[in-house]
Amino acid sequence: MAHHMALHTPERLPVGAFDVRALAAPGKRRYALVVAAAPDGQDLAFPAVVVAGARPGPTLLVCGAVHGDEYEGTVAIQDVFDALEPEALRGIFVGIPVVHGAAFAAARRESPWDGLDLARAFPGDPAGSPTQRIAHAFRTYLLPQADFLLDMHSGGNAYAIFHLAGYQLREGELGRVQREAAIAFGAPLVWGTAVLPGRTLSAAGDLGIPAIYVEMRGEGRCRPTDRARAVGGLRQVMAYLGMLDGSYPTAAPYVVEDPQPASGHLQADHRSPTSGLFVPHVDLWDPVEAGQLLGEVRHPDGTVLATVPAVRAGRVLFLRTLPRVVAGDALAFVLSLPSAGSPDGSDSPDAIP
């Protein structure tokens with residue numbers, strides 16, 4: 001066991017000393033990229049897995065666990081790193097399987113140290129709280145080295161979300177590349193939304209770096225089907241970027257673009273008016289009409305404390321699946337779909353590829 005561990009001891013570097021341009025020789029490497037000292041006395045550090053290809057090409061930065069309770073992206077990055085052969089790779093693959101280590105260790109969406117959501121903290125602050133320092137280090141030292149960013153998410157412990165690839169609506173070449181790359185991932189839903197502050201994608205866009213995010217189902221799991229979808233999608237984006245040989249989709253079953261302010265903010269929809277037990281009346285990706293009952297919040301004695309009607313017609317994109325809720329928790333998000341050019345509604349989140 002000691003010998004096995006020795007083979008996988010990562011090289012420790014200050015995050016500011018990590019430079020993909022210095023990776024002249026093809027090969028695979030593991031790093032611990034140190035950001036700062038943490039409140040518990042340990043180092044804040046990004047685990048990094050890097051494959052330098054034998055031929056020139058772009059640098060792809062892929063990250064997981066920006067939220068600490070989202071696992072499919074972490075495992076997909078590990079799987080792709082293990083399978084990549086430098087001789088078959090053009091460019092450099094940089095994987096950060098866990099961006100927010102403290103949240104990951106606590107199996108929580110937010111930091112247990114400062115309570116902040118890393119996906120709302122960019123561009124960060126080098127003199128701020130631990131989460132703000134993590135955001136600053138990622139934005140300052142890792143992101144500018146990338147030609148493309150792929151940020152992998154899921155529903156986390158408390159939610160299920162329909163499998164999608166998303167991007168922020170941008171003008172010109174940046175917007176075109178993001179849309180095409182999101183389609184190339186191969187999710188059934190491709191969703192372009194307004195630029196929201198604080199996100200990794202916002203930080204990338206400010207630097208002119210194309211970026212997409214993806215959502216796997218979640219519920220605190222890492223199901224084999226979702227893992228396979230995440231790995232396959234990541235490799236298809238690499239094929240789109242010219243890093244690997246292979247095919248990739250050029251069309252998706254659903255492509256929705258919504259430039260309205262705050263579009264894409266899942267947690268802003270259908271908040272619970274009270275604490276209690278949420279009992280959903282719908283399943284993920286069900287079609288619903290405006291006013292249709294999405295679920296109810298009950299007292300432990302069974303009294304219905306509140307009902308939750310749909311505020312619009314569409315599909316259930318995001319659904320609370322952890323029943324215990326407190327006032328203000330998001331319970332569901334209903335996505336309006338174009339009236340033309342979409343499938344007829346017989347699909348399901350498990351049946352659709």
# chains A, B, ... in the order shown; residues from 1 in each chain; ligands from 1
>>> residues_around(residues="Ala327 in chain A", least_positions_apart="4", cutoff="9 Å", atoms="only C-alpha atoms", output="PyMOL selection string")
chain A and resi 271-276
>>> select_by_dssp(residues="range 16-57 of chain A", states="strand (DSSP E)", output="PyMOL selection string")
chain A and resi 27-37+43-52+55-57
>>> residues_around(residues="Ile183 in chain A", least_positions_apart="3", cutoff="9 Å", atoms="only C-alpha atoms", output="number ranges by chain")
A: 165-166, 178-180, 186-190, 237, 248-252, 255
>>> write_last_selection(atoms="N, CA, C and O atoms", output="mmCIF file, in the first residue's frame")
data_model
loop_
_atom_site.group_PDB
_atom_site.id
_atom_site.type_symbol
_atom_site.label_atom_id
_atom_site.label_comp_id
_atom_site.auth_asym_id
_atom_site.auth_seq_id
_atom_site.Cartn_x
_atom_site.Cartn_y
_atom_site.Cartn_z
ATOM 1 N N ALA A 165 -26.366 21.102 -20.921
ATOM 2 C CA ALA A 165 -25.137 21.868 -21.099
ATOM 3 C C ALA A 165 -25.542 23.313 -21.305
ATOM 4 O O ALA A 165 -26.448 23.605 -22.097
ATOM 5 N N GLY A 166 -24.894 24.217 -20.588
ATOM 6 C CA GLY A 166 -25.297 25.608 -20.627
ATOM 7 C C GLY A 166 -24.146 26.553 -20.903
ATOM 8 O O GLY A 166 -22.969 26.197 -20.775
ATOM 9 N N GLN A 178 -19.109 28.833 -27.782
ATOM 10 C CA GLN A 178 -19.770 28.297 -26.587
ATOM 11 C C GLN A 178 -21.005 27.484 -26.960
ATOM 12 O O GLN A 178 -21.236 26.401 -26.414
ATOM 13 N N ARG A 179 -21.813 28.007 -27.856
ATOM 14 C CA ARG A 179 -23.030 27.297 -28.268
ATOM 15 C C ARG A 179 -22.681 25.965 -28.923
ATOM 16 O O ARG A 179 -23.289 24.925 -28.624
ATOM 17 N N GLU A 180 -21.720 25.982 -29.828
ATOM 18 C CA GLU A 180 -21.333 24.749 -30.517
ATOM 19 C C GLU A 180 -20.743 23.737 -29.541
ATOM 20 O O GLU A 180 -21.008 22.533 -29.643
ATOM 21 N N GLY A 186 -23.355 16.845 -25.868
ATOM 22 C CA GLY A 186 -24.278 15.746 -26.117
ATOM 23 C C GLY A 186 -25.439 15.632 -25.157
ATOM 24 O O GLY A 186 -26.151 14.621 -25.165
ATOM 25 N N ALA A 187 -25.669 16.642 -24.324
ATOM 26 C CA ALA A 187 -26.827 16.610 -23.429
ATOM 27 C C ALA A 187 -28.105 16.867 -24.234
ATOM 28 O O ALA A 187 -28.068 17.539 -25.266
ATOM 29 N N PRO A 188 -29.243 16.371 -23.754
ATOM 30 C CA PRO A 188 -30.488 16.595 -24.496
ATOM 31 C C PRO A 188 -30.958 18.042 -24.498
ATOM 32 O O PRO A 188 -31.677 18.457 -25.390
ATOM 33 N N LEU A 189 -30.549 18.816 -23.477
ATOM 34 C CA LEU A 189 -30.931 20.219 -23.384
ATOM 35 C C LEU A 189 -29.689 21.087 -23.430
ATOM 36 O O LEU A 189 -28.731 20.861 -22.689
ATOM 37 N N VAL A 190 -29.725 22.093 -24.303
ATOM 38 C CA VAL A 190 -28.679 23.112 -24.370
ATOM 39 C C VAL A 190 -29.348 24.438 -24.046
ATOM 40 O O VAL A 190 -30.346 24.817 -24.661
ATOM 41 N N VAL A 237 -16.498 17.108 -26.175
ATOM 42 C CA VAL A 237 -16.042 18.496 -26.210
ATOM 43 C C VAL A 237 -14.574 18.548 -26.634
ATOM 44 O O VAL A 237 -14.170 19.419 -27.414
ATOM 45 N N TYR A 248 -18.788 14.185 -32.637
ATOM 46 C CA TYR A 248 -19.522 14.904 -31.603
ATOM 47 C C TYR A 248 -20.811 15.428 -32.230
ATOM 48 O O TYR A 248 -20.890 15.664 -33.444
ATOM 49 N N PRO A 249 -21.840 15.641 -31.419
ATOM 50 C CA PRO A 249 -23.110 16.134 -31.959
ATOM 51 C C PRO A 249 -23.005 17.576 -32.455
ATOM 52 O O PRO A 249 -22.247 18.385 -31.914
ATOM 53 N N THR A 250 -23.798 17.880 -33.462
ATOM 54 C CA THR A 250 -23.906 19.248 -33.967
ATOM 55 C C THR A 250 -25.333 19.779 -33.836
ATOM 56 O O THR A 250 -25.637 20.876 -34.309
ATOM 57 N N ALA A 251 -26.195 19.001 -33.199
ATOM 58 C CA ALA A 251 -27.570 19.422 -32.922
ATOM 59 C C ALA A 251 -28.010 18.760 -31.631
ATOM 60 O O ALA A 251 -27.460 17.727 -31.231
ATOM 61 N N ALA A 252 -28.999 19.359 -30.969
ATOM 62 C CA ALA A 252 -29.511 18.831 -29.704
ATOM 63 C C ALA A 252 -31.038 18.777 -29.773
ATOM 64 O O ALA A 252 -31.665 19.569 -30.481
ATOM 65 N N VAL A 255 -32.784 23.213 -27.750
ATOM 66 C CA VAL A 255 -31.870 24.343 -27.622
ATOM 67 C C VAL A 255 -32.716 25.552 -27.242
ATOM 68 O O VAL A 255 -33.614 25.960 -27.991
#
>>> select_by_dssp(residues="range 223-328 of chain A", states="helix (DSSP H, G or I)", output="list in words")
Pro224, Thr225, Asp226, Arg227, Ala228, Arg229, Ala230, Val231, Gly232, Gly233, Leu234, Arg235, Gln236, Val237, Met238, Ala239, Tyr240, Leu266, Gln267 and Ala268 of chain A
>>> closest_residue(among="A:Val99, A:Leu23, A:Leu61, A:Leu150", to="Phe46 in chain A", atoms="only C-alpha atoms")
A:Val99
>>> closest_residue(among="A:Val279, A:Ala76, A:Thr9, A:Asp286", to="Pro300 in chain A", atoms="only C-alpha atoms")
A:Val279
>>> residues_around(residues="Leu60 in chain A", least_positions_apart="2", cutoff="7 Å", atoms="only C-alpha atoms", output="ChimeraX atom specification")
/A:58,62,92-94,146-149
>>> closest_atom_pairs(of="range 80-126 of chain A", to="range 212-222 of chain A", cutoff="12 Å", atoms="only C-alpha atoms", output="CSV")
residue,atom,partner,partner_atom,distance
A:Phe104,CA,A:Gly220,CA,11.5
A:Ala107,CA,A:Gly220,CA,8.7
A:Arg108,CA,A:Gly220,CA,9.9
A:Arg109,CA,A:Gly220,CA,10.6
A:Ala119,CA,A:Tyr213,CA,11.5
>>> closest_residue(among="A:Ala181, A:His153, A:Arg320, A:Leu142", to="Pro14 in chain A", atoms="only C-alpha atoms")
A:Leu142
